[in-house]
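Source file: model.cif (mmCIF, C-alpha atoms)
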data_run
#
loop_
_atom_site.label_atom_id
_atom_site.label_comp_id
_atom_site.auth_asym_id
_atom_site.auth_seq_id
_atom_site.Cartn_x
_atom_site.Cartn_y
_atom_site.Cartn_z
CA MET A 1 -25.63 -2.17 -28.41
CA ALA A 2 -22.96 0.36 -29.30
CA HIS A 3 -19.61 0.54 -27.57
CA SER A 4 -17.22 3.44 -27.57
CA HIS A 5 -13.83 4.08 -25.98
CA SER A 6 -12.10 7.37 -25.36
CA HIS A 7 -8.88 8.50 -23.73
CA GLY A 8 -10.21 11.94 -22.95
CA ASP A 9 -8.86 13.37 -26.19
CA ASP A 10 -10.41 14.46 -29.45
CA SER A 11 -10.09 11.16 -31.31
CA SER A 12 -11.70 11.24 -34.66
CA SER A 13 -13.70 8.05 -34.10
CA PRO A 14 -15.55 7.07 -30.93
CA HIS A 15 -15.04 3.41 -31.79
CA SER A 16 -11.29 3.31 -31.39
CA HIS A 17 -8.44 4.03 -29.01
CA ASP A 18 -5.93 6.69 -29.95
CA HIS A 19 -2.68 4.76 -29.64
CA ASP A 20 -0.65 7.94 -29.95
CA HIS A 21 -2.21 9.28 -26.77
CA ASP A 22 0.46 10.22 -24.28
CA HIS A 23 0.03 7.93 -21.27
CA VAL A 24 3.21 9.18 -19.65
CA PRO A 25 3.35 12.44 -17.63
CA LYS A 26 6.15 14.80 -18.40
CA VAL A 27 9.18 14.80 -16.14
CA THR A 28 10.80 18.19 -15.86
CA ASP A 29 14.56 18.54 -16.08
CA ASP A 30 14.25 21.08 -13.27
CA SER A 31 13.15 18.46 -10.70
CA GLU A 32 15.93 16.12 -11.78
CA ARG A 33 18.59 18.82 -11.47
CA ARG A 34 17.38 19.91 -8.03
CA ILE A 35 17.55 16.36 -6.71
CA PHE A 36 21.03 15.82 -8.15
CA TRP A 37 22.63 18.94 -6.65
CA VAL A 38 21.07 18.40 -3.23
CA MET A 39 22.30 14.80 -3.33
CA CYS A 40 25.87 15.99 -3.95
CA LEU A 41 25.59 18.67 -1.25
CA THR A 42 24.17 16.24 1.33
CA GLY A 43 26.67 13.49 0.58
CA GLY A 44 29.62 15.84 0.80
CA PHE A 45 28.70 17.30 4.15
CA MET A 46 27.70 13.89 5.53
CA ILE A 47 31.37 12.87 5.60
CA ILE A 48 32.39 16.05 7.45
CA GLN A 49 29.59 15.66 9.99
CA ALA A 50 30.38 11.98 10.67
CA ILE A 51 34.00 12.85 11.43
CA GLY A 52 32.88 15.73 13.63
CA GLY A 53 30.46 13.49 15.51
CA LEU A 54 33.18 10.96 16.26
CA ILE A 55 35.60 13.65 17.42
CA SER A 56 33.06 15.46 19.62
CA GLY A 57 31.35 12.31 20.87
CA SER A 58 27.92 13.69 19.95
CA LEU A 59 25.17 11.15 19.27
CA ALA A 60 23.06 13.91 17.71
CA LEU A 61 25.78 14.57 15.12
CA ILE A 62 26.46 10.87 14.49
CA ALA A 63 22.74 10.18 14.18
CA ASP A 64 22.31 13.11 11.83
CA SER A 65 25.26 11.99 9.71
CA GLY A 66 23.74 8.49 9.56
CA HIS A 67 20.51 10.09 8.49
CA MET A 68 22.40 12.10 5.86
CA LEU A 69 23.99 8.89 4.57
CA SER A 70 20.54 7.42 4.12
CA ASP A 71 19.38 10.68 2.59
CA THR A 72 22.18 10.63 0.05
CA ALA A 73 21.10 7.15 -1.00
CA ALA A 74 17.43 8.22 -0.97
CA LEU A 75 18.16 11.29 -3.08
CA GLY A 76 20.14 9.09 -5.45
CA LEU A 77 17.16 6.76 -5.75
CA ALA A 78 14.83 9.70 -6.34
CA TRP A 79 17.19 11.10 -8.98
CA PHE A 80 17.40 7.71 -10.70
CA ALA A 81 13.59 7.50 -10.64
CA PHE A 82 13.35 10.80 -12.50
CA ARG A 83 15.94 9.59 -15.01
CA LEU A 84 14.13 6.30 -15.53
CA ALA A 85 10.76 8.00 -15.87
CA LYS A 86 12.03 9.75 -19.00
CA LYS A 87 12.16 6.46 -20.85
CA PRO A 88 9.31 6.21 -23.35
CA ALA A 89 6.50 3.71 -23.07
CA ASP A 90 7.09 0.38 -24.80
CA LYS A 91 5.15 -2.81 -25.56
CA LYS A 92 5.76 -4.27 -22.11
CA ARG A 93 5.16 -1.03 -20.18
CA SER A 94 2.45 0.95 -21.93
CA TYR A 95 2.50 3.61 -19.18
CA GLY A 96 6.26 3.95 -19.24
CA TYR A 97 8.35 3.90 -16.05
CA HIS A 98 6.68 6.63 -14.01
CA ARG A 99 5.50 4.23 -11.31
CA PHE A 100 9.17 3.83 -10.31
CA GLN A 101 8.89 7.31 -8.77
CA ILE A 102 6.20 6.02 -6.41
CA MET A 103 8.27 2.94 -5.57
CA ALA A 104 11.22 5.21 -4.76
CA ALA A 105 9.04 7.37 -2.52
CA PHE A 106 7.69 4.29 -0.71
CA THR A 107 11.22 2.92 -0.22
CA ASN A 108 12.42 6.27 1.12
CA GLY A 109 9.55 6.36 3.59
CA VAL A 110 10.31 2.86 4.87
CA THR A 111 14.01 3.65 5.37
CA LEU A 112 13.02 6.63 7.52
CA PHE A 113 11.35 4.22 9.96
CA PHE A 114 14.57 2.22 10.36
CA ILE A 115 16.68 5.36 10.77
CA ALA A 116 14.39 6.75 13.46
CA GLY A 117 14.37 3.40 15.26
CA TRP A 118 18.18 3.23 15.26
CA ILE A 119 18.47 6.78 16.64
CA ILE A 120 16.00 6.02 19.46
CA PHE A 121 17.85 2.80 20.32
CA GLU A 122 21.19 4.60 20.51
CA ALA A 123 19.67 7.45 22.52
CA ILE A 124 18.37 5.02 25.16
CA GLY A 125 21.86 3.58 25.48
CA ARG A 126 23.32 7.07 25.93
CA LEU A 127 20.75 7.90 28.61
CA ILE A 128 21.66 4.75 30.53
CA THR A 129 25.38 5.28 30.07
CA PRO A 130 26.08 9.00 29.46
CA GLY A 131 29.17 9.90 27.46
CA GLU A 132 31.30 13.02 27.29
CA VAL A 133 30.34 15.47 24.54
CA LEU A 134 32.57 18.28 23.23
CA ALA A 135 29.97 21.01 22.89
CA GLY A 136 32.20 23.53 21.07
CA PRO A 137 33.08 21.45 17.98
CA MET A 138 29.57 20.02 18.02
CA LEU A 139 28.05 23.51 17.82
CA ILE A 140 30.29 24.57 14.92
CA ILE A 141 29.64 21.44 12.85
CA ALA A 142 25.91 21.45 13.58
CA SER A 143 25.66 25.09 12.52
CA CYS A 144 27.39 24.33 9.23
CA GLY A 145 25.06 21.37 8.79
CA LEU A 146 22.06 23.59 9.34
CA ALA A 147 23.25 25.96 6.61
CA VAL A 148 23.73 23.05 4.19
CA ASN A 149 20.31 21.59 4.97
CA VAL A 150 18.56 24.96 4.65
CA ILE A 151 20.06 25.34 1.18
CA GLY A 152 19.00 21.81 0.24
CA PHE A 153 15.49 22.32 1.61
CA PHE A 154 15.13 25.62 -0.25
CA VAL A 155 16.28 24.05 -3.54
CA LEU A 156 13.84 21.13 -3.29
CA HIS A 157 10.96 23.17 -1.89
CA ARG A 158 10.96 25.34 -5.00
CA GLY A 159 10.52 22.22 -7.14
CA ASP A 160 7.35 20.28 -8.00
CA SER A 161 5.58 20.08 -4.62
CA ASP A 162 2.85 17.73 -5.93
CA ASN A 163 5.30 15.03 -7.01
CA VAL A 164 5.46 12.19 -4.45
CA ASN A 165 9.05 11.37 -5.39
CA MET A 166 10.07 14.97 -4.74
CA GLN A 167 8.13 14.95 -1.48
CA GLY A 168 10.03 11.88 -0.32
CA ALA A 169 13.37 13.57 -1.02
CA LEU A 170 12.15 16.75 0.68
CA LEU A 171 11.13 14.84 3.82
CA HIS A 172 14.60 13.31 4.09
CA VAL A 173 16.24 16.73 3.84
CA MET A 174 13.74 18.17 6.33
CA GLY A 175 14.71 15.40 8.75
CA ASP A 176 18.35 16.42 8.37
CA LEU A 177 17.43 20.04 8.95
CA LEU A 178 15.61 19.17 12.17
CA GLY A 179 18.55 17.02 13.22
CA SER A 180 20.90 19.96 12.79
CA ILE A 181 18.61 22.21 14.85
CA ALA A 182 18.46 19.57 17.59
CA ALA A 183 22.25 19.21 17.57
CA ILE A 184 22.69 22.99 17.87
CA ALA A 185 20.21 23.13 20.75
CA ALA A 186 21.92 20.22 22.49
CA ALA A 187 25.34 21.80 22.05
CA ILE A 188 24.17 25.11 23.53
CA ILE A 189 22.54 23.36 26.51
CA ILE A 190 25.66 21.29 27.18
CA LEU A 191 27.92 24.30 26.72
CA PHE A 192 26.08 26.38 29.33
CA THR A 193 24.76 23.73 31.74
CA GLY A 194 26.90 20.62 31.21
CA TRP A 195 23.73 18.49 30.99
CA MET A 196 24.87 15.64 28.67
CA ALA A 197 21.39 14.06 28.48
CA ALA A 198 20.28 16.91 26.20
CA ASP A 199 22.12 15.26 23.29
CA PRO A 200 20.23 11.91 23.23
CA LEU A 201 16.91 13.44 24.35
CA LEU A 202 16.81 15.90 21.47
CA SER A 203 17.81 13.07 19.12
CA VAL A 204 14.69 11.18 20.21
CA LEU A 205 12.55 14.26 19.60
CA VAL A 206 13.83 14.51 16.03
CA SER A 207 13.19 10.78 15.53
CA VAL A 208 9.55 11.16 16.52
CA ILE A 209 9.11 13.97 13.99
CA ILE A 210 10.81 11.84 11.33
CA LEU A 211 8.46 8.92 12.10
CA ARG A 212 5.40 11.08 11.58
CA SER A 213 6.66 12.31 8.21
CA ALA A 214 7.65 8.77 7.21
CA TYR A 215 4.16 7.47 8.00
CA THR A 216 2.55 10.14 5.82
CA LEU A 217 4.85 9.37 2.90
CA VAL A 218 4.43 5.58 3.14
CA ARG A 219 0.65 5.88 3.45
CA ARG A 220 0.33 8.13 0.41
CA SER A 221 2.74 6.27 -1.87
CA GLY A 222 1.34 2.90 -0.72
CA HIS A 223 -2.18 4.07 -1.59
CA ILE A 224 -1.01 4.87 -5.12
CA LEU A 225 0.82 1.55 -5.49
CA LEU A 226 -2.36 -0.27 -4.42
CA GLU A 227 -4.23 1.67 -7.12
CA GLY A 228 -6.52 3.33 -4.60
CA THR A 229 -8.96 6.01 -5.66
CA PRO A 230 -7.25 9.43 -5.65
CA ASP A 231 -7.98 11.32 -2.42
CA ASN A 232 -9.48 14.31 -4.19
CA MET A 233 -11.78 12.26 -6.43
CA ASP A 234 -15.41 11.42 -5.51
CA MET A 235 -16.67 8.86 -8.02
CA GLY A 236 -20.28 9.23 -6.85
CA LEU A 237 -20.13 12.98 -7.40
CA ILE A 238 -18.65 12.53 -10.88
CA ARG A 239 -21.44 10.08 -11.78
CA ASP A 240 -24.20 12.37 -10.52
CA LYS A 241 -22.78 15.46 -12.24
CA LEU A 242 -22.39 13.65 -15.58
CA ILE A 243 -26.01 12.46 -15.50
CA ALA A 244 -27.22 15.96 -14.57
CA TYR A 245 -25.03 17.64 -17.19
CA LEU A 246 -26.03 15.53 -20.22
CA PRO A 247 -29.72 14.62 -20.63
CA GLU A 248 -28.82 11.82 -23.07
CA ILE A 249 -26.97 9.93 -20.33
CA ILE A 250 -29.17 7.27 -18.68
CA ASP A 251 -26.63 5.75 -16.29
CA VAL A 252 -22.92 5.67 -15.43
CA HIS A 253 -21.50 2.47 -13.93
CA HIS A 254 -18.39 0.27 -13.73
CA MET A 255 -16.46 3.34 -12.61
CA HIS A 256 -12.83 2.90 -11.59
CA ALA A 257 -10.14 5.44 -10.74
CA TRP A 258 -6.50 5.16 -9.78
CA SER A 259 -3.28 7.13 -10.13
CA LEU A 260 -0.28 6.49 -12.31
CA THR A 261 1.49 9.11 -10.22
CA ALA A 262 0.08 11.61 -7.73
CA GLU A 263 -0.33 14.13 -10.58
CA LYS A 264 -1.83 11.71 -13.12
CA PRO A 265 -5.29 10.26 -12.29
CA ILE A 266 -6.79 7.68 -14.64
CA VAL A 267 -10.51 6.91 -14.89
CA THR A 268 -12.56 4.24 -16.67
CA MET A 269 -16.35 4.08 -16.89
CA HIS A 270 -19.32 2.67 -18.78
CA VAL A 271 -21.90 5.25 -19.85
CA GLN A 272 -25.37 4.17 -20.96
CA ILE A 273 -26.90 6.70 -23.36
CA GLU A 274 -30.18 7.18 -25.19
CA PRO A 275 -30.42 5.11 -28.43
CA LYS A 276 -30.76 8.28 -30.54
CA ALA A 277 -27.72 10.02 -29.00
CA ASP A 278 -24.79 10.67 -31.32
CA LEU A 279 -21.82 8.60 -30.15
CA GLU A 280 -19.02 10.89 -31.25
CA THR A 281 -20.62 14.09 -29.98
CA THR A 282 -21.50 12.52 -26.64
CA LEU A 283 -18.04 11.09 -26.26
CA ARG A 284 -16.32 14.41 -26.90
CA THR A 285 -18.71 16.25 -24.58
CA ILE A 286 -18.09 13.81 -21.72
CA SER A 287 -14.32 13.97 -22.21
CA SER A 288 -14.32 17.78 -22.27
CA TYR A 289 -16.54 17.96 -19.19
CA LEU A 290 -14.31 15.58 -17.20
CA LEU A 291 -11.29 17.68 -18.09
CA SER A 292 -12.83 21.08 -17.31
CA GLU A 293 -14.80 20.10 -14.20
CA PHE A 294 -12.52 17.49 -12.58
CA GLU A 295 -9.14 17.98 -14.33
CA ILE A 296 -9.25 14.38 -15.61
CA ASP A 297 -7.33 14.31 -18.89
CA HIS A 298 -7.12 10.54 -19.22
CA ALA A 299 -10.49 8.78 -19.21
CA THR A 300 -11.44 5.55 -20.96
CA ILE A 301 -15.16 5.73 -21.66
CA GLN A 302 -17.33 2.92 -22.99
CA LEU A 303 -20.61 4.16 -24.45
CA GLU A 304 -23.50 1.71 -24.67
CA HIS A 305 -27.18 1.83 -25.60
CA LEU A 306 -28.05 -1.05 -23.26
CA ASN A 307 -26.79 -1.44 -19.72
CA CYS A 308 -24.07 -4.09 -19.92
CA GLU A 309 -25.16 -5.50 -16.55
CA ASP A 310 -28.70 -6.11 -17.86
CA LEU A 311 -27.24 -7.66 -21.00
CA GLU A 312 -25.14 -10.10 -18.94
CA VAL A 313 -28.29 -11.24 -17.11
CA THR A 314 -30.15 -11.71 -20.40
CA ASP A 315 -27.29 -13.71 -21.92
CA ALA A 316 -27.16 -15.96 -18.87
#

Translate this file's structure into structure tokens.
Amino acid sequence: MAHSHSHGDDSSSPHSHDHDHDHVPKVTDDSERRIFWVMCLTGGFMIIQAIGGLISGSLALIADSGHMLSDTAALGLAWFAFRLAKKPADKKRSYGYHRFQIMAAFTNGVTLFFIAGWIIFEAIGRLITPGEVLAGPMLIIASCGLAVNVIGFFVLHRGDSDNVNMQGALLHVMGDLLGSIAAIAAAIIILFTGWMAADPLLSVLVSVIILRSAYTLVRRSGHILLEGTPDNMDMGLIRDKLIAYLPEIIDVHHMHAWSLTAEKPIVTMHVQIEPKADLETTLRTISSYLLSEFEIDHATIQLEHLNCEDLEVTDA
């Protein structure tokens, strides 16, 4: 029985791993810079908005400033994740530190749940015991907050939209943007009607939207952390297409797929081939086909002339 391993590259020998193969996806300086500047912008305005919320008595502003405080920390975590991901792979972490991005995204998603819960709790208290809100200052501060959040959203939105870490940061900023819109709407309603309940009610509406976004982020990042099969990858389809594409392939089994990050799928498989098939040629053909057909650039392939499952039964 012949065994072969490939990392989806053009290694000179099908019987060896290419240890110089780059396991670590590239982190762009652009994403890191975008996160950093939005973090500074959000943190700076958060202080102004918190003071304005206390002066005006607006729960919407206070809640949004609390959200911005969390966002500043979340953006800082996302920025640190990008910084850490630049560290090269070592003996203890052969894939480098890119998984920290997914951990940061998961953490950011979980914090959104707590923030939304706190806002809803405070809103219920305000509905039971309404407080006086100064609609004029509230409107001015909320409008400035909207401008800041629109800038931050625009900066992040033009970054890497497929990166889960960037998505987590973007969701936090989007929550702030919605909070500013709600505060503006509440201020206008109070200004023209005097209906104080508009402030906590619109805060609850924003919280519900935040919860939905948080669930999506936690579900996606959690799936990656649990090494689930990438959403866009059908292992049965890959198996069937490989067998149909190469006549020398008898069977494909022991297939596994997971993601290092959302942009970096990894696949392993055993491929049983005809005894007369050339190992190196078959290996290169399979690797090229996986890359061109399924955009899989990191595959570990074991070629064998006998099905390893049959061999295990025989040995037993």

Once you count only C-alpha atoms, what closest atom pair and distance in Å to one decimal does each residue of region 126-187 of chain A within 9 Å of region 217-223 of chain A have, with rows by chain and rising residue number, as CSV?
residue,atom,partner,partner_atom,distance
A:Val164,CA,A:Ser221,CA,7.0
A:Asn165,CA,A:Ser221,CA,8.8
A:Gln167,CA,A:Leu217,CA,7.8
A:Gly168,CA,A:Leu217,CA,6.6
A:Leu171,CA,A:Leu217,CA,8.4

Protein/DNA/RNA residues near (29.0, 14.6, 27.3), cut 10 Å, only C-alpha atoms, as an NGL selection string:
:A and (56-59 or 126 or 130-135 or 187 or 190-191 or 194-199)

Decode the PyMOL selection byres ((chain A and resi 240-248) around 12) for the given file into explicit residues and return them as a VMD selection string.
chain A and resid 234 to 239 249 to 253 269 to 279 281 to 290 293 to 294 303 to 305

Quick one: distance from CA of Ile224 (chain A) to CA of Ser259 (chain A) in Å, one decimal?
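Distance reported for this atom pair: 5.9 Å.
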
Translate the PyMOL selection byres ((chain A and resi 119-122) around 12), as applied to the file shown, into an explicit residue set as a ChimeraX atom specification.
/A:58-67,112-118,123-131,179,199-211

Since I can't run it myself right now, could you work out what the PyMOL selection byres ((chain A and resi 78-87) around 10) selects here and report it as a PyMOL selection string?
chain A and resi 24-29+31-37+39+72-77+88-90+95-105+107-108+164-169
